[in-house]
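Below: protein06.txt (compact mmCIF, C-alpha atoms)
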```
# COMPACT_ATOMS: atom_id res chain seq x y z
CA MET A 169 -36.53 -57.14 -12.55
CA GLU A 170 -38.74 -54.69 -14.38
CA PHE A 171 -37.36 -51.83 -12.28
CA PHE A 172 -33.81 -53.04 -12.80
CA GLU A 173 -34.27 -52.98 -16.57
CA LEU A 174 -35.80 -49.52 -16.39
CA ALA A 175 -32.90 -48.27 -14.28
CA ILE A 176 -30.17 -49.72 -16.52
CA GLY A 177 -32.00 -48.45 -19.59
CA SER A 178 -32.28 -44.93 -18.20
CA ILE A 179 -28.69 -44.70 -16.97
CA PHE A 180 -26.84 -46.18 -19.92
CA ILE A 181 -28.93 -46.75 -23.04
CA ASN A 182 -31.21 -43.71 -22.98
CA ASN A 183 -28.70 -41.57 -21.12
CA ILE A 184 -30.34 -38.22 -20.57
CA ILE A 185 -27.46 -36.16 -21.92
CA LEU A 186 -25.76 -38.35 -24.48
CA ALA A 187 -28.81 -39.97 -26.07
CA GLN A 188 -31.73 -37.64 -25.29
CA PHE A 189 -29.90 -34.29 -25.51
CA LEU A 190 -31.37 -32.86 -22.33
CA GLY A 191 -29.33 -30.67 -20.01
CA ILE A 192 -26.54 -29.87 -22.45
CA CYS A 193 -26.04 -26.33 -21.09
CA PRO A 194 -24.98 -27.40 -17.57
CA PHE A 195 -23.11 -30.33 -19.17
CA ILE A 196 -20.90 -27.92 -21.12
CA GLY A 197 -20.97 -25.14 -18.51
CA THR A 198 -20.03 -26.98 -15.31
CA SER A 199 -17.62 -29.56 -16.69
CA LYS A 200 -14.42 -27.54 -16.76
CA LYS A 201 -13.48 -28.64 -13.25
CA MET A 202 -14.12 -31.96 -11.54
CA GLU A 203 -15.29 -30.25 -8.31
CA THR A 204 -18.06 -28.27 -9.97
CA ALA A 205 -19.14 -31.34 -11.94
CA VAL A 206 -19.54 -33.38 -8.76
CA GLY A 207 -21.46 -30.57 -7.04
CA MET A 208 -23.80 -30.14 -9.99
CA SER A 209 -24.44 -33.88 -10.25
CA MET A 210 -25.40 -34.13 -6.58
CA ALA A 211 -27.70 -31.14 -6.82
CA VAL A 212 -29.38 -32.62 -9.90
CA VAL A 213 -29.96 -36.02 -8.25
CA PHE A 214 -31.54 -34.29 -5.27
CA VAL A 215 -33.83 -31.97 -7.22
CA MET A 216 -34.72 -34.41 -10.00
CA VAL A 217 -36.05 -37.09 -7.63
CA MET A 218 -38.15 -34.55 -5.73
CA ALA A 219 -39.39 -32.87 -8.92
CA GLY A 220 -40.25 -36.28 -10.40
CA MET A 221 -42.43 -37.17 -7.41
CA ILE A 222 -44.14 -33.78 -7.12
CA THR A 223 -44.88 -33.24 -10.80
CA TRP A 224 -46.27 -36.78 -11.08
CA SER A 225 -48.63 -36.08 -8.19
CA VAL A 226 -49.62 -32.68 -9.57
CA ASP A 227 -50.34 -34.21 -12.96
CA THR A 228 -52.36 -37.15 -11.65
CA PHE A 229 -54.31 -35.59 -8.81
CA LEU A 230 -54.71 -32.04 -10.11
CA LEU A 231 -54.40 -31.67 -13.87
CA LYS A 232 -55.98 -34.99 -14.92
CA ALA A 233 -58.65 -34.83 -12.22
CA LEU A 234 -59.69 -31.33 -13.30
CA ASN A 235 -59.25 -32.07 -17.02
CA VAL A 236 -56.83 -29.20 -17.62
CA GLU A 237 -53.85 -31.06 -19.13
CA TYR A 238 -53.05 -28.12 -21.40
CA LEU A 239 -51.72 -26.30 -18.32
CA ARG A 240 -49.00 -28.97 -17.92
CA THR A 241 -46.06 -26.92 -19.23
CA LEU A 242 -46.98 -23.89 -17.15
CA SER A 243 -47.64 -25.79 -13.93
CA PHE A 244 -44.52 -27.99 -14.22
CA ILE A 245 -42.16 -25.07 -14.65
CA LEU A 246 -43.75 -23.29 -11.69
CA VAL A 247 -43.49 -26.42 -9.54
CA ILE A 248 -39.82 -26.87 -10.45
CA ALA A 249 -38.93 -23.20 -9.94
CA SER A 250 -40.59 -23.00 -6.55
CA LEU A 251 -39.20 -26.40 -5.52
CA VAL A 252 -35.66 -25.22 -6.26
CA GLN A 253 -36.25 -22.03 -4.30
CA PHE A 254 -37.69 -24.00 -1.39
CA VAL A 255 -34.88 -26.57 -1.35
CA GLU A 256 -32.37 -23.73 -1.35
CA MET A 257 -33.98 -22.03 1.67
CA PHE A 258 -34.39 -25.32 3.53
CA LEU A 259 -30.76 -26.36 3.02
CA LYS A 260 -29.46 -22.93 3.97
CA LYS A 261 -31.28 -23.10 7.29
CA SER A 262 -31.09 -26.79 8.21
CA ILE A 263 -28.06 -28.39 6.53
CA PRO A 264 -25.51 -25.58 6.01
CA GLY A 265 -22.77 -28.07 5.11
CA LEU A 266 -24.69 -29.44 2.14
CA TYR A 267 -25.78 -25.92 1.19
CA ALA A 268 -22.17 -24.77 1.01
CA GLY A 269 -21.48 -27.60 -1.45
CA LEU A 270 -24.59 -27.31 -3.63
CA GLY A 271 -25.46 -23.63 -3.09
CA ILE A 272 -24.38 -22.01 -6.31
CA PHE A 273 -25.68 -24.83 -8.50
CA LEU A 274 -29.23 -24.85 -7.19
CA PRO A 275 -30.52 -21.70 -8.97
CA LEU A 276 -29.07 -23.01 -12.24
CA ILE A 277 -31.23 -26.11 -12.02
CA THR A 278 -34.46 -24.21 -12.71
CA THR A 279 -33.43 -23.79 -16.33
CA ASN A 280 -31.88 -27.26 -16.57
CA CYS A 281 -34.05 -28.92 -19.17
CA ALA A 282 -33.06 -32.38 -17.91
CA VAL A 283 -35.28 -31.91 -14.85
CA MET A 284 -38.32 -30.71 -16.76
CA GLY A 285 -37.60 -33.23 -19.54
CA THR A 286 -37.58 -36.16 -17.13
CA CYS A 287 -40.89 -35.07 -15.63
CA LEU A 288 -42.45 -34.77 -19.10
CA LEU A 289 -41.03 -38.15 -20.19
CA ASN A 290 -42.49 -39.83 -17.10
CA ILE A 291 -45.92 -38.45 -17.92
CA GLY A 292 -45.56 -39.22 -21.64
CA ASN A 293 -44.65 -42.87 -20.93
CA GLU A 294 -47.63 -43.15 -18.54
CA TYR A 295 -45.51 -44.47 -15.68
CA ASP A 296 -47.08 -45.17 -12.28
CA PHE A 297 -45.64 -43.52 -9.18
CA THR A 298 -42.92 -46.09 -8.38
CA LYS A 299 -41.79 -46.28 -11.99
CA ALA A 300 -41.67 -42.49 -12.23
CA LEU A 301 -39.54 -42.40 -9.09
CA VAL A 302 -37.14 -45.09 -10.36
CA SER A 303 -36.84 -43.43 -13.76
CA ALA A 304 -36.21 -39.96 -12.26
CA PHE A 305 -33.51 -41.34 -9.97
CA SER A 306 -31.78 -43.31 -12.72
CA TYR A 307 -31.94 -40.45 -15.25
CA ALA A 308 -30.32 -38.28 -12.58
CA LEU A 309 -27.62 -40.89 -11.99
CA GLY A 310 -27.04 -41.07 -15.74
CA PHE A 311 -26.69 -37.29 -15.80
CA GLY A 312 -24.10 -37.44 -13.03
CA LEU A 313 -22.21 -40.28 -14.68
CA ALA A 314 -21.98 -38.51 -18.05
CA LEU A 315 -21.07 -35.16 -16.47
CA ILE A 316 -18.30 -36.58 -14.23
CA LEU A 317 -16.83 -38.72 -17.03
CA PHE A 318 -16.85 -35.73 -19.35
CA ALA A 319 -15.26 -33.43 -16.74
CA GLY A 320 -12.43 -35.92 -16.26
CA VAL A 321 -11.74 -36.13 -19.99
CA ARG A 322 -12.08 -32.37 -20.43
CA GLU A 323 -9.52 -31.55 -17.72
CA ARG A 324 -7.03 -33.62 -19.69
CA VAL A 325 -7.98 -32.21 -23.08
CA ASN A 326 -7.48 -28.64 -21.86
CA LEU A 327 -3.90 -29.45 -20.91
CA GLY A 328 -3.11 -30.39 -24.50
CA ARG A 329 -2.34 -28.01 -27.35
CA VAL A 330 -5.69 -27.45 -29.02
CA PRO A 331 -5.82 -25.39 -32.27
CA LYS A 332 -7.23 -21.93 -31.58
CA PRO A 333 -10.61 -22.14 -33.38
CA LEU A 334 -11.34 -25.50 -31.72
CA GLN A 335 -10.66 -24.34 -28.17
CA ASP A 336 -13.15 -24.61 -25.29
CA THR A 337 -16.75 -25.38 -26.29
CA SER A 338 -15.89 -26.63 -29.75
CA ILE A 339 -13.43 -29.33 -28.70
CA GLY A 340 -15.75 -30.04 -25.77
CA LEU A 341 -18.61 -30.91 -28.13
CA VAL A 342 -16.40 -33.17 -30.23
CA THR A 343 -15.21 -34.92 -27.06
CA ALA A 344 -18.83 -35.33 -25.95
CA GLY A 345 -19.57 -36.88 -29.34
CA ILE A 346 -16.88 -39.51 -28.79
CA ILE A 347 -18.19 -40.28 -25.30
CA ALA A 348 -21.71 -40.56 -26.77
CA LEU A 349 -20.33 -43.01 -29.34
CA THR A 350 -19.01 -45.26 -26.56
CA PHE A 351 -22.42 -45.09 -24.86
CA THR A 352 -24.16 -46.36 -28.02
CA SER A 353 -22.39 -49.68 -27.44
CA PHE A 354 -24.60 -50.21 -24.37
CA ARG A 355 -27.55 -50.76 -26.74
CA GLY A 356 -28.80 -54.30 -26.62
CA MET A 357 -27.66 -54.71 -23.01
CA VAL A 358 -31.25 -55.05 -21.79
CA MET B 127 -34.34 5.22 -34.48
CA ALA B 128 -34.52 3.33 -37.74
CA GLN B 129 -30.78 2.82 -37.64
CA SER B 130 -30.74 1.30 -34.14
CA LEU B 131 -33.77 -0.81 -35.09
CA ALA B 132 -31.86 -2.30 -38.00
CA LYS B 133 -28.83 -2.79 -35.77
CA GLU B 134 -30.78 -4.74 -33.13
CA PHE B 135 -32.35 -6.88 -35.84
CA THR B 136 -29.17 -7.74 -37.76
CA LYS B 137 -26.99 -8.50 -34.73
CA GLY B 138 -29.02 -11.68 -34.24
CA LEU B 139 -28.21 -12.78 -37.77
CA TRP B 140 -24.43 -12.63 -37.49
CA ALA B 141 -22.69 -10.88 -34.59
CA GLU B 142 -24.68 -12.66 -31.87
CA ILE B 143 -26.19 -15.57 -33.81
CA PRO B 144 -27.30 -18.35 -31.46
CA PRO B 145 -26.07 -20.99 -30.79
CA PHE B 146 -22.71 -20.20 -32.45
CA ARG B 147 -21.82 -16.77 -31.07
CA LEU B 148 -24.23 -16.89 -28.15
CA VAL B 149 -23.63 -20.42 -26.86
CA LEU B 150 -27.12 -21.01 -25.44
CA GLY B 151 -29.99 -23.31 -26.30
CA LEU B 152 -27.87 -26.29 -27.23
CA CYS B 153 -30.41 -28.98 -26.31
CA PRO B 154 -32.94 -28.32 -29.09
CA THR B 155 -30.07 -27.54 -31.47
CA LEU B 156 -28.60 -31.01 -31.05
CA ALA B 157 -31.83 -32.92 -30.66
CA VAL B 158 -34.05 -31.80 -33.52
CA THR B 159 -31.61 -31.23 -36.39
CA LYS B 160 -31.87 -34.68 -37.97
CA THR B 161 -33.60 -33.02 -40.93
CA VAL B 162 -33.78 -29.43 -42.18
CA GLU B 163 -37.55 -29.52 -41.73
CA ASN B 164 -37.37 -30.24 -37.99
CA GLY B 165 -34.78 -27.49 -37.60
CA ILE B 166 -36.96 -24.91 -39.35
CA GLY B 167 -40.05 -25.95 -37.35
CA MET B 168 -38.22 -25.71 -34.05
CA GLY B 169 -36.64 -22.39 -35.05
CA LEU B 170 -39.98 -20.83 -36.02
CA ALA B 171 -41.66 -22.00 -32.81
CA THR B 172 -38.81 -20.50 -30.77
CA THR B 173 -38.98 -17.25 -32.80
CA PHE B 174 -42.69 -16.88 -32.03
CA VAL B 175 -42.09 -17.32 -28.30
CA LEU B 176 -39.07 -14.97 -28.37
CA VAL B 177 -40.89 -12.13 -30.15
CA PHE B 178 -44.01 -12.20 -27.98
CA SER B 179 -42.27 -12.78 -24.66
CA ASN B 180 -39.85 -9.93 -25.47
CA LEU B 181 -42.80 -7.68 -26.33
CA LEU B 182 -44.71 -8.45 -23.14
CA VAL B 183 -41.66 -8.29 -20.86
CA SER B 184 -40.73 -4.94 -22.39
CA LEU B 185 -44.27 -3.53 -21.98
CA LEU B 186 -44.34 -4.63 -18.33
CA ARG B 187 -40.73 -3.70 -17.56
CA ASN B 188 -41.71 -0.82 -15.25
CA THR B 189 -44.51 -2.77 -13.55
CA ILE B 190 -42.74 -6.04 -12.61
CA PRO B 191 -41.01 -5.77 -9.22
CA PRO B 192 -37.29 -6.59 -9.63
CA LYS B 193 -37.29 -9.20 -6.86
CA VAL B 194 -39.77 -11.55 -8.52
CA ARG B 195 -38.88 -10.71 -12.13
CA ILE B 196 -37.52 -14.15 -13.09
CA ALA B 197 -40.70 -15.88 -11.93
CA CYS B 198 -42.79 -13.36 -13.89
CA TYR B 199 -40.69 -13.89 -17.04
CA ILE B 200 -41.10 -17.65 -16.73
CA VAL B 201 -44.89 -17.36 -16.48
CA ILE B 202 -44.99 -15.07 -19.54
CA ILE B 203 -42.75 -17.44 -21.53
CA ALA B 204 -44.71 -20.52 -20.44
CA THR B 205 -47.95 -18.89 -21.62
CA PHE B 206 -46.61 -18.37 -25.14
CA VAL B 207 -45.10 -21.86 -25.21
CA THR B 208 -48.51 -23.30 -24.38
CA ILE B 209 -50.01 -21.28 -27.26
CA VAL B 210 -47.38 -22.63 -29.69
CA GLU B 211 -47.96 -26.16 -28.41
CA LEU B 212 -51.73 -25.99 -28.99
CA VAL B 213 -51.38 -24.31 -32.41
CA MET B 214 -48.84 -26.87 -33.64
CA GLN B 215 -50.97 -29.73 -32.34
CA ALA B 216 -53.89 -28.36 -34.36
CA PHE B 217 -52.19 -27.45 -37.65
CA THR B 218 -48.85 -29.27 -38.02
CA TYR B 219 -49.48 -32.50 -36.11
CA PRO B 220 -46.77 -34.68 -37.82
CA LEU B 221 -44.11 -32.06 -37.05
CA PHE B 222 -45.43 -31.71 -33.49
CA LEU B 223 -44.94 -35.45 -32.99
CA LYS B 224 -41.39 -35.35 -34.39
CA LEU B 225 -40.30 -32.48 -32.17
CA GLY B 226 -41.89 -34.20 -29.16
CA ILE B 227 -41.02 -32.87 -25.73
CA PHE B 228 -38.75 -30.19 -27.19
CA ILE B 229 -41.77 -27.95 -27.84
CA PRO B 230 -42.78 -27.70 -24.14
CA LEU B 231 -39.07 -27.46 -23.32
CA ILE B 232 -38.81 -24.07 -25.11
CA VAL B 233 -39.85 -22.84 -21.66
CA VAL B 234 -36.42 -23.71 -20.26
CA ASN B 235 -34.52 -22.61 -23.37
CA CYS B 236 -31.87 -20.23 -22.04
CA ILE B 237 -32.05 -18.04 -25.19
CA VAL B 238 -35.60 -16.93 -24.46
CA LEU B 239 -35.05 -16.18 -20.77
CA GLY B 240 -31.67 -14.67 -21.58
CA ARG B 241 -33.14 -12.16 -24.06
CA ALA B 242 -35.95 -11.25 -21.65
CA GLU B 243 -33.46 -10.57 -18.86
CA ALA B 244 -30.61 -9.02 -20.86
CA PHE B 245 -32.52 -7.01 -23.45
CA ALA B 246 -36.30 -6.70 -23.15
CA SER B 247 -36.28 -5.69 -19.49
CA LYS B 248 -34.20 -2.60 -20.35
CA ASN B 249 -35.45 -1.49 -23.78
CA THR B 250 -38.55 -0.19 -25.54
CA PRO B 251 -41.14 -2.62 -26.98
CA VAL B 252 -40.25 -1.83 -30.63
CA LEU B 253 -36.54 -2.49 -30.11
CA SER B 254 -37.32 -5.65 -28.10
CA VAL B 255 -39.47 -7.06 -30.89
CA ALA B 256 -36.66 -6.34 -33.40
CA ASP B 257 -34.18 -8.07 -31.09
CA GLY B 258 -36.44 -11.10 -30.61
CA LEU B 259 -37.11 -11.37 -34.34
CA GLY B 260 -33.40 -11.10 -35.21
CA ILE B 261 -32.25 -13.65 -32.64
CA GLY B 262 -35.13 -15.97 -33.57
CA ILE B 263 -34.41 -15.86 -37.30
CA GLY B 264 -30.70 -16.33 -36.59
CA PHE B 265 -31.53 -19.39 -34.49
CA THR B 266 -33.75 -20.77 -37.28
CA LEU B 267 -30.96 -20.28 -39.84
CA SER B 268 -28.44 -22.02 -37.58
CA LEU B 269 -30.75 -24.97 -36.98
CA ALA B 270 -31.53 -25.23 -40.69
CA SER B 271 -27.85 -25.18 -41.69
CA LEU B 272 -26.85 -27.72 -39.04
CA GLY B 273 -29.84 -29.81 -40.16
CA ALA B 274 -28.71 -29.52 -43.79
CA VAL B 275 -25.19 -30.76 -42.98
CA ARG B 276 -26.44 -33.66 -40.87
CA GLU B 277 -29.24 -34.70 -43.22
CA LEU B 278 -27.13 -34.45 -46.37
CA ILE B 279 -24.28 -36.55 -44.99
CA GLY B 280 -26.40 -38.81 -42.81
CA SER B 281 -29.28 -39.67 -45.14
CA GLY B 282 -28.29 -38.12 -48.47
CA THR B 283 -31.46 -35.99 -48.73
CA ILE B 284 -32.71 -32.47 -47.98
CA THR B 285 -36.25 -32.06 -46.60
CA ILE B 286 -37.47 -28.47 -46.33
CA TRP B 287 -41.16 -28.88 -45.48
CA GLY B 288 -43.96 -31.45 -45.49
CA GLY B 289 -41.95 -34.65 -45.06
CA ASN B 290 -40.93 -35.18 -48.72
CA PRO B 291 -37.28 -34.65 -49.67
CA VAL B 292 -36.78 -31.88 -52.23
CA PHE B 293 -33.31 -33.12 -53.07
CA ALA B 294 -31.71 -36.57 -53.00
CA VAL B 295 -28.11 -37.40 -53.78
CA GLY B 296 -28.90 -40.64 -55.55
CA ASP B 297 -28.47 -44.36 -55.08
CA TRP B 298 -24.68 -44.37 -55.45
CA TYR B 299 -24.30 -42.57 -52.12
CA GLN B 300 -23.89 -44.75 -49.05
CA PRO B 301 -25.48 -42.74 -46.18
CA PHE B 302 -23.13 -42.11 -43.27
CA SER B 303 -25.74 -42.74 -40.58
CA PHE B 304 -23.38 -41.69 -37.77
CA MET B 305 -24.34 -38.10 -38.56
CA VAL B 306 -28.07 -38.48 -37.88
CA GLU B 307 -27.47 -40.33 -34.62
CA ALA B 308 -26.67 -38.80 -31.24
CA PRO B 309 -22.82 -38.78 -31.40
CA GLY B 310 -22.85 -37.19 -34.86
CA ALA B 311 -24.89 -34.27 -33.54
CA PHE B 312 -22.19 -33.36 -31.01
CA VAL B 313 -19.36 -33.72 -33.52
CA ALA B 314 -21.16 -31.78 -36.28
CA LEU B 315 -22.01 -28.88 -33.95
CA GLY B 316 -18.49 -28.83 -32.52
CA LEU B 317 -16.91 -28.66 -35.96
CA MET B 318 -19.36 -26.01 -37.18
CA LEU B 319 -18.56 -23.93 -34.10
CA ALA B 320 -14.87 -24.26 -34.91
CA GLY B 321 -15.60 -23.15 -38.47
CA MET B 322 -17.47 -20.08 -37.20
CA ASN B 323 -14.58 -19.25 -34.86
CA LEU B 324 -12.17 -19.51 -37.79
CA ILE B 325 -14.22 -17.08 -39.90
CA GLY B 326 -14.86 -14.72 -37.00
CA LYS B 327 -11.25 -14.37 -35.84
CA LYS B 328 -9.32 -11.44 -37.30
```

Will you turn the file into structure tokens for me?
Amino acid sequence: MEFFELAIGSIFINNIILAQFLGICPFIGTSKKMETAVGMSMAVVFVMVMAGMITWSVDTFLLKALNVEYLRTLSFILVIASLVQFVEMFLKKSIPGLYAGLGIFLPLITTNCAVMGTCLLNIGNEYDFTKALVSAFSYALGFGLALILFAGVRERVNLGRVPKPLQDTSIGLVTAGIIALTFTSFRGMV
Amino acid sequence: MAQSLAKEFTKGLWAEIPPFRLVLGLCPTLAVTKTVENGIGMGLATTFVLVFSNLLVSLLRNTIPPKVRIACYIVIIATFVTIVELVMQAFTYPLFLKLGIFIPLIVVNCIVLGRAEAFASKNTPVLSVADGLGIGIGFTLSLASLGAVRELIGSGTITIWGGNPVFAVGDWYQPFSFMVEAPGAFVALGLMLAGMNLIGKK
């Protein structure tokens, strides 16, 4: 039950994009087409779960054990960057089908602050390993949900006649604001 | 020399001001601009990282092998972010708490990496510092103005520094709290971007 509440809370109420403002760049950048949005969401789920597990282990068994917590920022970004590189090489060699789908999105994930943000939030909330895993997975699902919803709306909006100064990013942000407003109604669900 | 120095500095203040002209670094822009104070704090922290990472990347631009340059830039940036984190924890603790995880997240701010890659890796240290300073101050101004709009409409106050409002509208004003919450951030930034497009278009 505890895990269920955590999962619902992370997907809907504290949605990583619409409530915590993490990962806005890929949210705006890859939402013009539904296909790219789906690809990005899958890549994020994959990397975020792995990054969540590895950074938690690094923090607990390395940084806390050696009393060097001030190296957290530096070590987390290195772990995430090398993880992304490693996942890319592994997929290219072993699962070419998946690589063809996720390929171009993987390098972008290194600078996706949602991944690093989730890892830092897990540590900040002092979650144990299972909780960190559940929260990373549900934040990633929330990311995918918001991105795919937004891509669907945005495809429609771009067909309409938008005034020139409002075109593209500007109307996109206003649309995102309205979606965020609907997500605030999930408050009080848990 | 002096002319190009001034040019690199001022382009960050108008022609390429982030996040309006250079649409990067949206996460901290949306997240911390509930008050002007948070915006200024975040902007100054980012400026510090930008200036010093630009300087170091530019000094090492002939030493870093091109194949591993991104990894090297990230290590340089992460070092300065850690410095900012420790300094803010020591001297401006209340602000550090308010900005929360967005201080360590300067490391993945696309503006910083973008300037290292697009400018500092190709130009002299002096020009790179001017570029970093210009972009950083431009970013601070943007955050402060977005913060001013959101705080004024959302809470009816303006807080520049230290947690006490320097200006309050008065009791007659019913704060429109939508603006200080998450959806208001998106809408306010979207409309300000539209306003900038309107001014910029010939």

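Take CA of Pro331 (chain A) and CA of Thr198 (chain A): the distance between them is 22.2 Å.
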
Nearest to chain B, chosen from A:Gly269, A:Gly292, A:Pro264, A:Gly356, with all atoms listed in the file counted in the distances: A:Gly292

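Nearest to Val162 (chain B) of all the residues B:Val306, B:Ala128, B:Ile143, B:Ile209 is B:Val306, based on all atoms listed in the file.
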
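The spacing separating CA of Lys193 (chain B) from CA of Ile196 (chain A) amounts to 28.7 Å.
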
At most 10 Å to chain B: residues in chain A, only C-alpha atoms, as a ChimeraX atom specification: /A:185-193,196-197,238-246,249-250,278-286,288-289,292,331-352

Pick from A:Gly207, A:Pro194, A:Gly220, A:Gly320 nearest to Ile291 (chain A), counting only C-alpha atoms: A:Gly220

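With only C-alpha atoms as the atoms that count, the residue of B:Val252, B:Val213, B:Val275, B:Ile284 with the shortest distance to Phe135 (chain B) is B:Val252.
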
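Proximity to Glu294 (chain A) at 12 Å, evaluated using all atoms listed in the file and with sequence-adjacent residues fewer than 5 positions away removed, yields Trp224, Asp227, Thr228, Cys287, Leu288, Leu289, Lys299, Ala300 and Ser303 of chain A.
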
Sphere at (-24.7, -31.0, -5.9), radius 8 Å, counting only C-alpha atoms: residues as a ChimeraX atom specification: /A:206-214,269-271,273-274

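For the residues B:Leu269, B:Leu278, B:Met214, B:Val292, ranking by smallest atom-to-atom distance to Gly165 (chain B) using all atoms listed in the file places B:Leu269 first.
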